[in-house]
Every structure is written in structure tokens, then in C-alpha cells.
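Structure below is structure_25.cif: mmCIF, C-alpha atoms and all ligand atoms.
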```cif
data_coords
loop_
_atom_site.label_atom_id
_atom_site.label_comp_id
_atom_site.auth_asym_id
_atom_site.auth_seq_id
_atom_site.Cartn_x
_atom_site.Cartn_y
_atom_site.Cartn_z
CA MET A 161 25.18 86.90 -41.22
CA SER A 162 23.58 84.99 -38.37
CA LEU A 163 25.67 83.46 -35.60
CA SER A 164 25.89 80.20 -37.52
CA LEU A 165 28.35 78.80 -40.02
CA SER A 166 26.76 79.64 -43.32
CA ALA A 167 27.99 80.55 -46.76
CA GLU A 168 25.24 83.13 -47.26
CA GLU A 169 26.18 86.45 -48.80
CA GLU A 170 25.35 89.50 -46.74
CA GLU A 171 23.64 92.66 -48.00
CA SER A 172 25.36 95.78 -46.75
CA PRO A 173 23.04 98.30 -45.06
CA ALA A 174 22.92 102.03 -45.82
CA GLU A 175 25.06 102.67 -42.70
CA ALA A 176 28.03 100.75 -44.13
CA VAL A 177 31.22 102.73 -44.74
CA ASP A 178 33.64 101.10 -47.20
CA GLY A 179 31.82 97.80 -46.69
CA VAL A 180 32.07 97.89 -42.88
CA TRP A 181 29.29 98.38 -40.33
CA LEU A 182 28.20 97.43 -36.81
CA GLU A 183 25.30 95.05 -36.30
CA CYS A 184 23.41 93.91 -33.21
CA ILE A 185 23.59 90.13 -32.84
CA GLU A 186 20.16 90.08 -31.16
CA CYS A 187 17.86 92.36 -33.19
CA GLY A 188 19.90 93.03 -36.34
CA GLU A 189 19.92 96.83 -35.94
CA THR A 190 22.80 98.34 -37.96
CA TYR A 191 25.05 101.32 -37.29
CA ALA A 192 27.81 103.26 -39.06
CA PRO A 193 31.17 102.03 -37.75
CA PHE A 194 33.12 105.11 -36.67
CA GLU A 195 30.52 107.83 -36.20
CA ASP A 196 29.32 107.60 -32.59
CA VAL A 197 30.68 105.86 -29.55
CA ARG A 198 28.53 102.79 -28.93
CA TYR A 199 29.28 99.43 -27.27
CA THR A 200 25.88 97.75 -27.33
CA CYS A 201 22.66 98.12 -29.34
CA ASP A 202 20.61 101.30 -28.73
CA GLU A 203 17.42 99.34 -29.38
CA CYS A 204 17.82 96.18 -27.29
CA ASP A 205 21.21 96.44 -25.52
CA GLY A 206 22.43 93.37 -27.45
CA LEU A 207 26.10 92.83 -28.27
CA LEU A 208 27.42 94.42 -31.46
CA GLU A 209 29.60 92.87 -34.15
CA VAL A 210 31.68 94.40 -36.90
CA ARG A 211 30.37 93.14 -40.25
CA TYR A 212 31.87 93.21 -43.74
CA THR A 213 30.28 93.18 -47.20
CA ASP A 214 33.15 91.01 -48.48
CA PRO A 215 34.67 88.80 -45.78
CA ALA A 216 38.36 88.23 -46.58
CA THR A 217 40.00 84.98 -47.74
CA PHE A 218 43.55 83.67 -47.29
CA GLU A 219 44.75 84.96 -50.68
CA GLU A 220 44.24 88.53 -49.47
CA PHE A 221 46.61 88.27 -46.49
CA GLU A 222 50.16 89.58 -46.77
CA GLY A 223 52.90 90.71 -44.40
CA GLU A 224 53.43 89.57 -40.81
CA GLY A 225 51.60 89.88 -37.51
CA VAL A 226 48.10 91.16 -36.82
CA TRP A 227 48.17 93.62 -39.73
CA ARG A 228 48.88 90.80 -42.19
CA TYR A 229 45.13 90.31 -41.86
CA SER A 230 44.07 93.91 -42.53
CA ALA A 231 41.72 92.68 -45.28
CA ALA A 232 39.73 91.03 -42.45
CA LEU A 233 39.95 94.08 -40.15
CA PRO A 234 37.97 97.34 -40.02
CA LEU A 235 41.09 99.54 -40.51
CA GLU A 236 44.12 99.38 -42.78
CA GLU A 237 46.58 99.97 -39.95
CA GLY A 238 46.62 100.32 -36.18
CA VAL A 239 48.57 101.61 -33.23
CA SER A 240 51.16 98.86 -33.50
CA ILE A 241 54.00 97.45 -31.40
CA GLN A 242 54.51 94.44 -33.70
CA GLU A 243 51.85 92.20 -32.17
CA GLY A 244 50.88 88.77 -33.46
CA ALA A 245 52.95 86.22 -35.43
CA THR A 246 53.36 84.27 -32.19
CA PRO A 247 55.01 80.84 -32.14
CA LEU A 248 53.01 77.64 -32.63
CA TYR A 249 55.26 75.30 -30.68
CA GLU A 250 55.48 71.55 -30.97
CA ALA A 251 55.28 69.77 -27.63
CA PRO A 252 56.19 66.18 -28.48
CA ARG A 253 56.34 64.70 -24.97
CA LEU A 254 53.06 66.29 -23.98
CA GLU A 255 51.52 65.20 -27.29
CA ASP A 256 52.55 61.59 -26.55
CA ASP A 257 51.53 61.75 -22.94
CA ILE A 258 48.08 63.19 -23.61
CA GLY A 259 47.73 60.91 -26.62
CA VAL A 260 46.61 62.93 -29.60
CA GLU A 261 47.73 62.79 -33.24
CA ALA A 262 49.24 66.28 -33.05
CA LEU A 263 49.48 68.89 -30.32
CA ARG A 264 50.64 72.44 -30.97
CA ILE A 265 50.86 75.26 -28.45
CA LYS A 266 49.95 78.72 -29.74
CA HIS A 267 51.86 80.83 -27.27
CA GLU A 268 50.20 84.21 -27.07
CA GLY A 269 52.48 85.09 -24.19
CA MET A 270 55.02 85.99 -26.89
CA ASN A 271 53.17 89.19 -27.80
CA PRO A 272 54.71 92.60 -26.93
CA THR A 273 53.08 92.90 -23.49
CA GLY A 274 53.01 89.14 -22.95
CA SER A 275 49.39 88.29 -23.73
CA PHE A 276 46.89 88.00 -26.59
CA LYS A 277 45.29 91.26 -25.50
CA ASP A 278 47.77 93.15 -27.71
CA ARG A 279 46.02 91.85 -30.82
CA GLY A 280 42.77 93.47 -29.72
CA MET A 281 44.36 96.68 -28.52
CA THR A 282 46.25 97.41 -31.75
CA VAL A 283 42.82 97.64 -33.39
CA GLY A 284 40.78 99.03 -30.46
CA VAL A 285 43.15 101.89 -29.67
CA ALA A 286 43.34 102.83 -33.36
CA VAL A 287 39.53 102.97 -33.49
CA ALA A 288 39.56 105.13 -30.35
CA ARG A 289 41.89 107.52 -32.18
CA GLU A 290 39.59 107.45 -35.22
CA LEU A 291 36.61 108.31 -33.01
CA GLY A 292 38.58 111.12 -31.39
CA VAL A 293 37.75 110.02 -27.83
CA GLY A 294 39.63 111.20 -24.73
CA ARG A 295 40.51 108.89 -21.86
CA LEU A 296 40.66 105.12 -22.49
CA ALA A 297 39.62 102.68 -19.78
CA CYS A 298 39.09 99.03 -18.92
CA ALA A 299 38.28 96.71 -16.07
CA SER A 300 40.83 93.95 -15.89
CA THR A 301 42.15 90.85 -14.20
CA GLY A 302 45.51 92.27 -15.32
CA ASN A 303 46.45 91.52 -18.90
CA THR A 304 43.96 93.86 -20.53
CA SER A 305 45.22 96.66 -18.30
CA ALA A 306 48.84 95.98 -19.27
CA ALA A 307 47.97 95.99 -22.97
CA LEU A 308 45.74 99.05 -22.75
CA ALA A 309 48.41 100.97 -20.84
CA ALA A 310 51.09 100.11 -23.43
CA TYR A 311 48.97 100.74 -26.53
CA GLY A 312 47.33 103.84 -25.05
CA SER A 313 50.75 105.29 -24.30
CA ARG A 314 51.99 104.35 -27.75
CA GLY A 315 48.97 106.15 -29.23
CA GLY A 316 49.53 109.19 -27.02
CA MET A 317 46.33 108.72 -25.02
CA GLU A 318 45.50 108.77 -21.35
CA THR A 319 44.53 105.43 -19.77
CA LEU A 320 42.60 104.42 -16.66
CA VAL A 321 42.39 100.81 -15.42
CA LEU A 322 40.13 99.32 -12.75
CA LEU A 323 41.60 96.25 -11.05
CA PRO A 324 40.18 93.95 -8.37
CA ALA A 325 42.31 94.81 -5.32
CA GLY A 326 44.72 92.07 -4.28
CA LYS A 327 43.71 89.73 -7.12
CA VAL A 328 45.98 90.80 -9.96
CA ALA A 329 49.34 89.11 -10.58
CA ALA A 330 52.41 91.26 -9.86
CA GLY A 331 53.81 91.43 -13.40
CA LYS A 332 50.59 92.84 -14.78
CA VAL A 333 50.23 95.60 -12.19
CA GLY A 334 53.88 96.54 -12.83
CA GLN A 335 53.23 96.80 -16.56
CA ALA A 336 50.14 98.97 -16.15
CA ALA A 337 52.07 101.21 -13.76
CA LEU A 338 55.17 101.63 -15.91
CA HIS A 339 53.20 102.15 -19.11
CA ASP A 340 51.60 105.07 -17.30
CA ALA A 341 48.01 104.00 -16.63
CA ARG A 342 46.16 105.46 -13.66
CA ILE A 343 45.41 102.35 -11.62
CA LEU A 344 42.23 102.24 -9.53
CA GLU A 345 42.21 99.28 -7.13
CA VAL A 346 38.58 98.36 -6.63
CA ASP A 347 37.22 96.70 -3.53
CA GLY A 348 35.41 94.01 -5.50
CA ASN A 349 35.99 91.31 -8.12
CA PHE A 350 36.51 91.74 -11.88
CA ASP A 351 32.78 91.66 -12.63
CA ALA A 352 32.21 94.55 -10.22
CA CYS A 353 35.06 96.49 -11.88
CA LEU A 354 33.42 95.95 -15.26
CA ASP A 355 30.03 97.12 -13.96
CA VAL A 356 31.66 100.38 -12.82
CA VAL A 357 33.69 101.01 -15.96
CA ARG A 358 30.65 100.29 -18.18
CA ASP A 359 28.77 102.90 -16.19
CA LEU A 360 31.61 105.40 -16.62
CA ALA A 361 31.62 104.68 -20.35
CA ASP A 362 27.83 105.12 -20.62
CA ARG A 363 28.20 108.49 -18.92
CA GLY A 364 30.81 109.51 -21.51
CA GLU A 365 33.65 109.71 -18.97
CA VAL A 366 35.84 107.11 -20.67
CA TYR A 367 36.13 105.06 -23.86
CA LEU A 368 35.69 101.38 -22.98
CA LEU A 369 38.30 98.92 -24.22
CA ASN A 370 37.09 95.70 -22.65
CA SER A 371 36.15 92.87 -25.00
CA LEU A 372 32.59 94.21 -24.98
CA ASN A 373 34.09 96.64 -27.49
CA PRO A 374 33.44 94.89 -30.83
CA PHE A 375 36.57 96.32 -32.47
CA ARG A 376 38.89 94.61 -30.01
CA LEU A 377 37.56 91.20 -30.98
CA GLU A 378 38.41 91.90 -34.62
CA GLY A 379 42.10 91.97 -33.71
CA GLN A 380 41.76 88.80 -31.68
CA LYS A 381 40.33 86.97 -34.72
CA THR A 382 43.88 86.88 -36.06
CA ILE A 383 44.85 84.17 -33.54
CA GLY A 384 42.52 81.82 -35.40
CA LEU A 385 43.76 82.93 -38.80
CA GLU A 386 47.39 82.32 -37.81
CA ILE A 387 46.59 78.86 -36.43
CA LEU A 388 44.70 77.86 -39.58
CA GLU A 389 47.45 79.05 -41.91
CA ALA A 390 50.14 77.25 -39.88
CA PHE A 391 48.25 73.94 -39.76
CA GLN A 392 47.66 74.14 -43.49
CA ALA A 393 51.38 74.74 -44.06
CA ASP A 394 52.59 72.04 -41.63
CA TYR A 395 49.97 69.30 -42.01
CA GLY A 396 48.02 70.23 -45.15
CA THR A 397 44.81 70.21 -43.06
CA TRP A 398 42.92 72.42 -40.63
CA PRO A 399 43.16 71.63 -36.92
CA ASP A 400 40.36 69.40 -35.61
CA ARG A 401 40.09 71.36 -32.38
CA ILE A 402 41.24 74.54 -30.70
CA VAL A 403 41.29 74.48 -26.89
CA LEU A 404 41.38 77.77 -25.03
CA PRO A 405 40.94 79.23 -21.56
CA VAL A 406 37.71 81.18 -21.07
CA GLY A 407 37.08 84.25 -18.93
CA ASN A 408 34.83 86.79 -20.63
CA ALA A 409 34.69 84.49 -23.67
CA GLY A 410 36.09 87.21 -25.93
CA ASN A 411 38.59 84.94 -27.61
CA THR A 412 36.04 82.17 -28.08
CA SER A 413 33.77 84.72 -29.79
CA ALA A 414 36.61 86.14 -31.86
CA LEU A 415 37.83 82.75 -33.13
CA TYR A 416 34.29 81.75 -34.01
CA LYS A 417 33.83 85.00 -35.91
CA ALA A 418 37.04 84.39 -37.84
CA PHE A 419 35.74 80.97 -38.88
CA ARG A 420 32.27 82.27 -39.81
CA GLU A 421 33.83 84.86 -42.07
CA LEU A 422 36.05 82.27 -43.73
CA VAL A 423 33.02 80.05 -44.32
CA ALA A 424 31.09 83.03 -45.73
CA ALA A 425 34.05 83.78 -48.03
CA GLY A 426 34.10 80.16 -49.23
CA ALA A 427 37.61 79.57 -47.83
CA ILE A 428 36.64 76.69 -45.54
CA GLU A 429 33.66 74.31 -45.33
CA PRO A 430 31.40 74.55 -42.25
CA GLU A 431 32.20 70.93 -41.27
CA GLU A 432 35.96 71.64 -41.44
CA VAL A 433 35.85 74.37 -38.80
CA PRO A 434 37.86 73.43 -35.67
CA LYS A 435 35.83 72.47 -32.61
CA LEU A 436 36.01 75.36 -30.17
CA THR A 437 36.66 73.93 -26.75
CA GLY A 438 36.59 76.25 -23.75
CA VAL A 439 38.23 75.61 -20.40
CA GLN A 440 37.43 77.35 -17.12
CA ALA A 441 38.66 76.97 -13.57
CA GLU A 442 36.25 75.02 -11.34
CA GLY A 443 35.84 78.04 -9.08
CA ALA A 444 34.77 80.30 -11.96
CA ALA A 445 32.92 78.17 -14.49
CA PRO A 446 29.62 79.78 -15.53
CA MET A 447 30.19 79.02 -19.23
CA VAL A 448 30.84 75.36 -18.49
CA GLU A 449 27.63 75.27 -16.46
CA ALA A 450 25.67 76.75 -19.39
CA VAL A 451 27.18 74.29 -21.90
CA GLU A 452 26.57 71.30 -19.62
CA ASN A 453 22.95 72.37 -18.99
CA ASP A 454 22.41 73.25 -22.64
CA ALA A 455 21.16 76.61 -21.37
CA ASP A 456 20.63 79.68 -23.57
CA ASP A 457 21.78 82.08 -20.88
CA VAL A 458 24.77 82.04 -18.60
CA ARG A 459 24.06 82.45 -14.88
CA ARG A 460 26.29 85.09 -13.24
CA TRP A 461 28.39 83.59 -10.44
CA GLU A 462 28.73 86.14 -7.65
CA GLU A 463 31.47 84.23 -5.82
CA VAL A 464 34.48 83.20 -7.89
CA GLU A 465 37.91 81.94 -6.88
CA THR A 466 40.88 80.38 -8.64
CA ARG A 467 44.67 80.51 -8.65
CA ALA A 468 44.33 81.38 -12.35
CA THR A 469 43.44 84.99 -11.49
CA ALA A 470 43.25 86.03 -15.18
CA ILE A 471 40.07 83.97 -15.57
CA ARG A 472 38.57 84.69 -12.15
CA ILE A 473 35.36 85.87 -13.82
CA GLY A 474 31.74 85.06 -12.97
CA ASN A 475 29.86 86.98 -15.64
CA PRO A 476 31.28 86.28 -19.13
CA VAL A 477 29.94 89.24 -21.07
CA ASN A 478 30.56 87.70 -24.49
CA ALA A 479 28.64 84.51 -23.75
CA PRO A 480 25.87 85.29 -26.31
CA LYS A 481 28.56 85.33 -29.04
CA ALA A 482 30.60 82.44 -27.67
CA LEU A 483 27.95 79.84 -26.81
CA PRO A 484 26.81 79.51 -30.46
CA GLY A 485 30.50 79.16 -31.39
CA ILE A 486 31.05 76.24 -29.06
CA ARG A 487 27.80 74.57 -30.14
CA GLU A 488 27.95 75.19 -33.91
CA THR A 489 31.51 73.90 -34.19
CA GLY A 490 30.72 70.75 -32.20
CA GLY A 491 33.01 71.81 -29.38
CA THR A 492 32.44 71.72 -25.65
CA ALA A 493 33.49 73.32 -22.38
CA VAL A 494 35.14 71.77 -19.34
CA ALA A 495 36.17 72.87 -15.86
CA VAL A 496 39.54 71.97 -14.30
CA SER A 497 40.84 72.25 -10.75
CA ASP A 498 43.59 74.63 -9.69
CA ASP A 499 45.88 71.64 -9.09
CA GLU A 500 45.26 70.38 -12.62
CA ILE A 501 46.11 73.86 -13.88
CA THR A 502 49.39 73.95 -11.96
CA GLU A 503 50.26 70.44 -13.18
CA ALA A 504 49.71 71.57 -16.78
CA GLN A 505 51.81 74.68 -16.12
CA ARG A 506 54.65 72.34 -15.07
CA ASP A 507 54.07 70.08 -18.10
CA LEU A 508 54.39 73.04 -20.45
CA ALA A 509 57.43 74.34 -18.58
CA ALA A 510 59.05 70.92 -19.05
CA GLU A 511 58.79 71.54 -22.81
CA GLY A 512 60.41 74.96 -22.34
CA ILE A 513 57.13 76.83 -22.65
CA GLY A 514 56.53 79.26 -19.79
CA VAL A 515 52.91 80.28 -19.28
CA GLU A 516 50.80 81.86 -16.59
CA PRO A 517 48.23 79.70 -14.75
CA ALA A 518 45.15 80.70 -16.79
CA SER A 519 46.98 79.72 -19.97
CA ALA A 520 47.78 76.27 -18.68
CA ALA A 521 44.05 75.68 -18.24
CA SER A 522 43.84 74.88 -21.96
CA VAL A 523 46.29 71.99 -21.65
CA ALA A 524 44.69 70.80 -18.39
CA GLY A 525 41.32 70.80 -20.15
CA LEU A 526 42.64 68.89 -23.15
CA ARG A 527 44.17 66.26 -20.87
CA LYS A 528 40.88 65.84 -19.04
CA LEU A 529 38.76 65.63 -22.19
CA ARG A 530 41.16 63.14 -23.78
CA ALA A 531 41.05 60.97 -20.63
CA GLU A 532 37.25 61.08 -20.76
CA GLY A 533 37.30 60.09 -24.43
CA VAL A 534 35.62 63.33 -25.55
CA VAL A 535 38.76 64.15 -27.54
CA GLY A 536 39.87 61.32 -29.83
CA GLU A 537 43.41 59.98 -30.27
CA ASP A 538 43.28 60.84 -33.97
CA GLU A 539 42.76 64.56 -33.38
CA ARG A 540 45.11 67.37 -34.34
CA VAL A 541 44.77 69.96 -31.62
CA ALA A 542 45.97 73.51 -30.97
CA CYS A 543 46.01 74.68 -27.37
CA LEU A 544 46.05 78.41 -26.79
CA THR A 545 48.33 79.66 -24.04
CA THR A 546 47.18 83.19 -23.50
CA GLY A 547 49.80 84.80 -21.24
CA HIS A 548 53.49 84.61 -20.40
CA MET A 549 54.84 82.93 -17.25
CA LEU A 550 56.47 86.18 -16.07
CA LYS A 551 53.06 87.77 -15.75
CA ASP A 552 52.60 85.88 -12.50
CA PRO A 553 56.05 85.28 -10.99
CA ASP A 554 54.55 84.23 -7.65
CA ALA A 555 52.55 81.42 -9.22
CA ALA A 556 55.63 80.30 -11.18
CA ALA A 557 57.79 80.22 -8.06
CA GLU A 558 55.13 78.31 -6.16
CA ALA A 559 54.67 75.74 -8.92
CA GLY A 560 58.41 75.25 -9.41
CA ASN A 561 61.47 74.17 -7.44
CA GLU A 562 62.44 75.73 -4.11
CA PRO A 563 65.71 77.70 -4.15
CA GLU A 564 68.36 75.98 -1.98
CA PRO A 565 70.65 78.13 0.20
CA VAL A 566 74.36 77.24 -0.12
CA PRO A 567 77.61 78.79 1.15
CA ALA A 568 79.70 80.98 -1.18
CA ASP A 569 82.47 78.38 -1.80
CA THR A 570 82.84 75.50 -4.26
CA GLU A 571 83.46 72.82 -1.60
CA GLY A 572 80.33 73.87 0.21
CA VAL A 573 78.30 73.78 -3.02
CA LEU A 574 79.65 70.30 -3.89
CA GLU A 575 78.86 69.04 -0.42
CA HIS A 576 75.33 70.37 -0.72
CA LEU A 577 74.88 68.66 -4.10
CA GLU A 578 75.94 65.32 -2.63
CA ASP A 579 73.28 65.45 0.08
N1 LIG B 1 43.86 83.99 -20.41
C1 LIG B 1 44.43 85.11 -19.92
C2 LIG B 1 45.88 85.07 -19.59
C3 LIG B 1 43.65 86.26 -19.73
O1 LIG B 1 44.22 87.36 -19.26
C4 LIG B 1 42.27 86.22 -20.03
C5 LIG B 1 41.41 87.38 -19.81
C6 LIG B 1 41.75 85.03 -20.54
C7 LIG B 1 42.57 83.94 -20.71
C8 LIG B 1 40.31 84.90 -20.88
O2 LIG B 1 40.04 85.43 -22.13
O3 LIG B 1 38.11 86.85 -21.61
O4 LIG B 1 38.69 86.28 -23.95
O5 LIG B 1 37.74 84.57 -22.42
N2 LIG B 1 41.78 88.40 -19.19
C9 LIG B 1 41.00 89.63 -19.07
C10 LIG B 1 41.86 90.74 -18.49
C11 LIG B 1 39.70 89.48 -18.42
O6 LIG B 1 41.33 91.66 -17.88
O7 LIG B 1 43.07 90.70 -18.69
P1 LIG B 1 38.55 85.80 -22.56
#
```
Encoded form using C-alpha cells:
Amino acid sequence: MSLSLSAEEEESPAEAVDGVWLECIECGETYAPFEDVRYTCDECDGLLEVRYTDPATFEEFEGEGVWRYSAALPLEEGVSIQEGATPLYEAPRLEDDIGVEALRIKHEGMNPTGSFKDRGMTVGVAVARELGVGRLACASTGNTSAALAAYGSRGGMETLVLLPAGKVAAGKVGQAALHDARILEVDGNFDACLDVVRDLADRGEVYLLNSLNPFRLEGQKTIGLEILEAFQADYGTWPDRIVLPVGNAGNTSALYKAFRELVAAGAIEPEEVPKLTGVQAEGAAPMVEAVENDADDVRRWEEVETRATAIRIGNPVNAPKALPGIRETGGTAVAVSDDEITEAQRDLAAEGIGVEPASAASVAGLRKLRAEGVVGEDERVACLTTGHMLKDPDAAAEAGNEPEPVPADTEGVLEHLED
């Protein structure tokens, strides 16, 4: 299976185990799935993907949550804390205001640790157990560390997380701490943390659970599968577009992979696949730059800054998987300002949907693309909100109303309200 939307059948290589193997997206080298620890291709260092002899179709899915989709996953069951089956909210005022035919908000903040990362970890940590590795580790802007800490603990494994010092929202650090990860605060940004943890993994010190790990992305595919099933049930059609925030471009890659497998299984036509539309913060937008310049490679940004700390990333490691996804589906990528992100965070909050800044980027991006006419008024759109508002209580307090001091008596309160 190439990185395009094609209905071609795939031959399974000798390395396949029960119809599952790993394949390099660059040179096509194949590997057995659970034999050795490997994150990239031995031959060319390209990214690896999990491949299946028989990609699954909708008829094979049963149950609820991520493991409803086990037919599309490399294992039958995972280390689970009931992840997935997140709400797909209506947002009627925002839908009207932005001016699209339908707008739905897939709120991944409603997962057990409050972000979509749980979907990847339920699979990734189970694979780690299968491989019999010792200590689990990740670099993180926060959410991955919270999810790894929780799922690692659940699976009875030791976890180590590398965080950019001073740049991780309070809720996320608290989660990693309480779920018993060892937290290393690195004097550098996320990309530097990832460089170090990749090195540790290459030296066999830790098992890497960043989205470079191909098994994690398998779990994240289920976001796309849930959205497609819900649109089919509610509207009798597929969504025209899925808009999502982009950091390492893991989700973009995972959604694209879900769609490619459905096309290969004959469940959806290539031209029906939703347009993958990525949104980055202006201060950390290397993917947007690559899409705008029609470039094959993404240039690493050494200096990155944004209030949306979850996507404060200058070197999106999954770009080689994600760029074809954006292009082949007819999608695009757009950068938004921090103020536009905060405005969208308020807009979502006004519909009762509490999200962290990075998540609001999707809605900010949709608003911008609609205003520019890139998104049409006839489109049915799903925006992904990737993390819960409580992840970043400081950003929420700053974006919202100021508390007003009042005396502890009713008259005093009434007087204050009249002012
Ligand atoms: N939104 C949130 C809330 C995130 O935490 C992340 C990534 C993204 C979007 C971007 O997703 O990498 O798949 O493009 N957070 C990672 C972390 C980097 O360490 O928690 P992506």
C-alpha cells in the first residue's frame, strides 16, 4: 500500500504474523511486528507503518471505544481505561456564525486522561508489554506524558517523561506526577526533548512511546473511524472535511491511514474521503510552510513560541506520513494567531465545550479558511478538539472572566451587582 488512496490489494510479506507486519514508508522494507524493538527502518531510517493483509471494514466493528475497532488494530485487546467513544457535539451558534452546512466538535478532551493520546497509549503500552520491554518513555508538551504515565501505571510498568522546562501546562505536569512518572524537566524545547529520548531509545535504555512509534498511531486511527460512523448515522454521508490541530502530525497521519485502509477495503471511495485540514499556531508552523510552498520536506524551526503549548513544535516528525494525507485528500494547512486561538477557545466555551488552547486552533483555522472562501458554505465539517480545558487552567482563567471580590454578606453582594 503506497501513501495514496488506492483500492489495491496488498501482498503480505514472509515477515507477517497473523496478517500484520511493519513496513517502511520510504523503501518498503518489511519487518515482523512484535519481534524486535524498532521505531524506524534499519535500511534507510524511514518511518514505519503497521500494515494488514485484510484492512477492516465497518461491518467488522463491534463494542464501544477504541477496542470496538480491534479488527483494524494490531492486537485484540490493550491496556485499557475505557478510552475512545468521545462525544461529537453539535455547536449550532458556532456553525451559524462560521457559516457551514454542519459543524460538529469531536471532543477528545473527554478521554480518560483528557486528551486523544489515550487512544494511542492503550495500543502502544500493550505492544510494549508484548515486546517485554522495561522502562517506557516519551518526550512531551504534556498530554503524551499524562497518558503514558496513566497507561504505564495501569500496565504495571515504569515510566519516564522528558518535558520542556517551564513550557508545560499545570494540569498535565500534575497528571504525570500523580500517575507516577519520573519527570525530567529539560532545558530546551519539545524537539530537543525528543532528540534526547530518541537517543535513549536507540541505546536500549527506554521504550519510546512518542508518535514516532507506529503502534500508537494505530490507536489514534479510531478518531477517524468514530467520526465517519457518526456522520453516516446522523447525516447519511461522510464529512466533507476534518479540521485538526497539528504538532508532530501524528493525528493527521493516523486519520489518513484510517481512510487509506477503508479505501483499500472498499468501504469508501477515494473521492469521498474527508479533506484533512491541519492548523498550526503562527509561531510554530513548519507544516503550514511546507504545504504553502508545496515542498516535499518540512524545514525544522529552531525557535517556536505559542500560547498553545501543546503544539509548540518545530520539527513534526510524522510529516512524511502527514503531507501526502493533506495533499491526497484535497485538504490544506493554515496558521492562526494566538489571539485567534483564544477567541475560538471562548467561542467553544460559549457552547459549553471546554478545551485547551491547542484544541481551539482547529476552530480558529476553520473560521479563517471559511472567511477566505477555502472552505465552502455547503460543507459538513468535523473539528477535532484534542485536549480538555482543565489541562491548562492558567490559559482558561486568562481567557475568561476575572473573579470579582465581594464582602461576605447579601447586601454587599447585591450592591456589587448593581454597580
Ligand atoms: N493537540 C493537543 C492538545 C496535543 O497535546 C497535541 C500534541 C496536538 C494537538 C498535536 O498532535 O502531534 O498528533 O499533531 N501533543 C504532544 C504531547 C506533542 O507531547 O502531548 P499531533
- request: Compare A:Val458, A:Leu322, A:Ala352, A:Leu544 by their minimum atom-to-atom distance to Asn411 of chain A, counting all atoms listed in the file, and give me the closest one.
  value: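 When distances to Asn411 of chain A are compared using all atoms listed in the file, the smallest one comes from A:Leu544.
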task: Find the residue from A:Pro234, A:Pro434, A:Gly225, A:Gly274 that sits nearest to Asp178 of chain A; use only C-alpha atoms when measuring.
output: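 Looking only at the distances to Asp178 of chain A, the closest residue turns out to be A:Pro234.
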Rows by chain and residue number, chain A within 8 Å of ligand LIG 1 (chain B), shortest pair, all atoms listed in the file, as CSV:
```
residue,atom,partner,partner_atom,distance
A:Ser275,CA,B:LIG1,C2,6.3
A:Phe276,CA,B:LIG1,C2,7.7
A:Lys277,CA,B:LIG1,O7,7.2
A:Cys298,CA,B:LIG1,O6,7.8
A:Ala299,CA,B:LIG1,O6,6.2
A:Ser300,CA,B:LIG1,O6,3.1
A:Thr301,CA,B:LIG1,O6,3.9
A:Gly302,CA,B:LIG1,O7,4.4
A:Asn303,CA,B:LIG1,O7,3.5
A:Thr304,CA,B:LIG1,O7,3.8
A:Ser305,CA,B:LIG1,O7,6.3
A:Ala306,CA,B:LIG1,O7,7.8
A:Phe350,CA,B:LIG1,C11,7.6
A:Asn370,CA,B:LIG1,O6,7.6
A:Ser371,CA,B:LIG1,O4,7.1
A:Leu404,CA,B:LIG1,C7,7.6
A:Pro405,CA,B:LIG1,C7,5.1
A:Val406,CA,B:LIG1,O5,3.6
A:Gly407,CA,B:LIG1,O5,3.6
A:Asn408,CA,B:LIG1,O3,3.4
A:Ala409,CA,B:LIG1,O5,3.3
A:Gly410,CA,B:LIG1,O4,3.4
A:Asn411,CA,B:LIG1,O4,3.9
A:Thr412,CA,B:LIG1,O5,6.4
A:Ser413,CA,B:LIG1,O4,7.8
A:Ala470,CA,B:LIG1,O1,4.4
A:Ile471,CA,B:LIG1,C6,5.4
A:Arg472,CA,B:LIG1,C11,8.0
A:Ile473,CA,B:LIG1,C11,7.3
A:Pro476,CA,B:LIG1,O3,7.3
A:Glu516,CA,B:LIG1,C2,6.6
A:Pro517,CA,B:LIG1,C2,7.6
A:Ala518,CA,B:LIG1,N1,5.1
A:Ser519,CA,B:LIG1,N1,5.3
A:Thr545,CA,B:LIG1,N1,7.2
A:Thr546,CA,B:LIG1,C2,4.5
A:Gly547,CA,B:LIG1,C2,4.3
A:His548,CA,B:LIG1,C2,7.7
```
task: Calculate how many Å separate atom CA of Glu268 of chain A from atom CA of Thr246 of chain A, rounding to one decimal.
output: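 So the two atoms, atom CA of Glu268 of chain A and atom CA of Thr246 of chain A, lie 6.0 Å apart.
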Which residue of A:Tyr229, A:Val287, A:Ala309, A:Ile501 approaches Arg467 of chain A most closely, using all atoms listed in the file: A:Ile501
- request: Rank nothing, just name the residue among A:Val541, A:Cys201, A:Ala336, A:Ala231 nearest to Glu219 of chain A, using only C-alpha atoms.
  value: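 Result for the nearest residue to Glu219 of chain A: A:Ala231.
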field: Pick from A:Gly525, A:Pro324, A:Gly269, A:Pro193, whichever lies nearest to Pro374 of chain A using all atoms listed in the file
entry: A:Pro193
query: Hey, can you check how far atom CA of Gly474 of chain A sits from atom CA of Gly326 of chain A?
result: 17.1 Å
field: Option closest in space to Asp400 of chain A, from A:Leu263, A:Leu323, A:Leu550, A:Val494 [counting all atoms listed in the file]
entry: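 Closest to Asp400 of chain A of all the choices is A:Leu263.
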Give me the residues of segment 246-315 of chain A that have any atom at most 7 Å from an atom of segment 377-398 of chain A; for each, the nearest atom pair and the distance in Å, rounded to one decimal. Use all atoms listed in the file, sort by chain and number, and format it as JSON lines.
```
{"residue": "A:Arg279", "atom": "CA", "partner": "A:Gly379", "partner_atom": "CA", "distance": 4.9}
{"residue": "A:Gly280", "atom": "CA", "partner": "A:Gly379", "partner_atom": "CA", "distance": 4.3}
{"residue": "A:Val283", "atom": "CA", "partner": "A:Gly379", "partner_atom": "CA", "distance": 5.7}
```
So that I can check the surroundings of Glu220 of chain A, please list as a PDB file with C-alpha atoms, in the frame of the given file every protein, DNA and RNA residue that reaches within 12 Å of it, counting all atoms listed in the file and ignoring chain neighbours fewer than 6 positions away.
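out.pdb, freshly written:
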```
ATOM      1  CA  ASP A 214      33.150  91.010 -48.480  1.00  0.00           C
ATOM      2  CA  TRP A 227      48.170  93.620 -39.730  1.00  0.00           C
ATOM      3  CA  ARG A 228      48.880  90.800 -42.190  1.00  0.00           C
ATOM      4  CA  TYR A 229      45.130  90.310 -41.860  1.00  0.00           C
ATOM      5  CA  SER A 230      44.070  93.910 -42.530  1.00  0.00           C
ATOM      6  CA  ALA A 231      41.720  92.680 -45.280  1.00  0.00           C
ATOM      7  CA  ALA A 232      39.730  91.030 -42.450  1.00  0.00           C
ATOM      8  CA  LEU A 233      39.950  94.080 -40.150  1.00  0.00           C
ATOM      9  CA  LEU A 422      36.050  82.270 -43.730  1.00  0.00           C
ATOM     10  CA  ALA A 425      34.050  83.780 -48.030  1.00  0.00           C
ATOM     11  CA  ALA A 427      37.610  79.570 -47.830  1.00  0.00           C
TER      12      ALA A 427
END
```
Pairwise distance for atom CA of Thr489 of chain A and atom CA of Leu369 of chain A, rounded to one decimal in Å: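 Taking atom CA of Thr489 of chain A and atom CA of Leu369 of chain A, their separation equals 27.8 Å.
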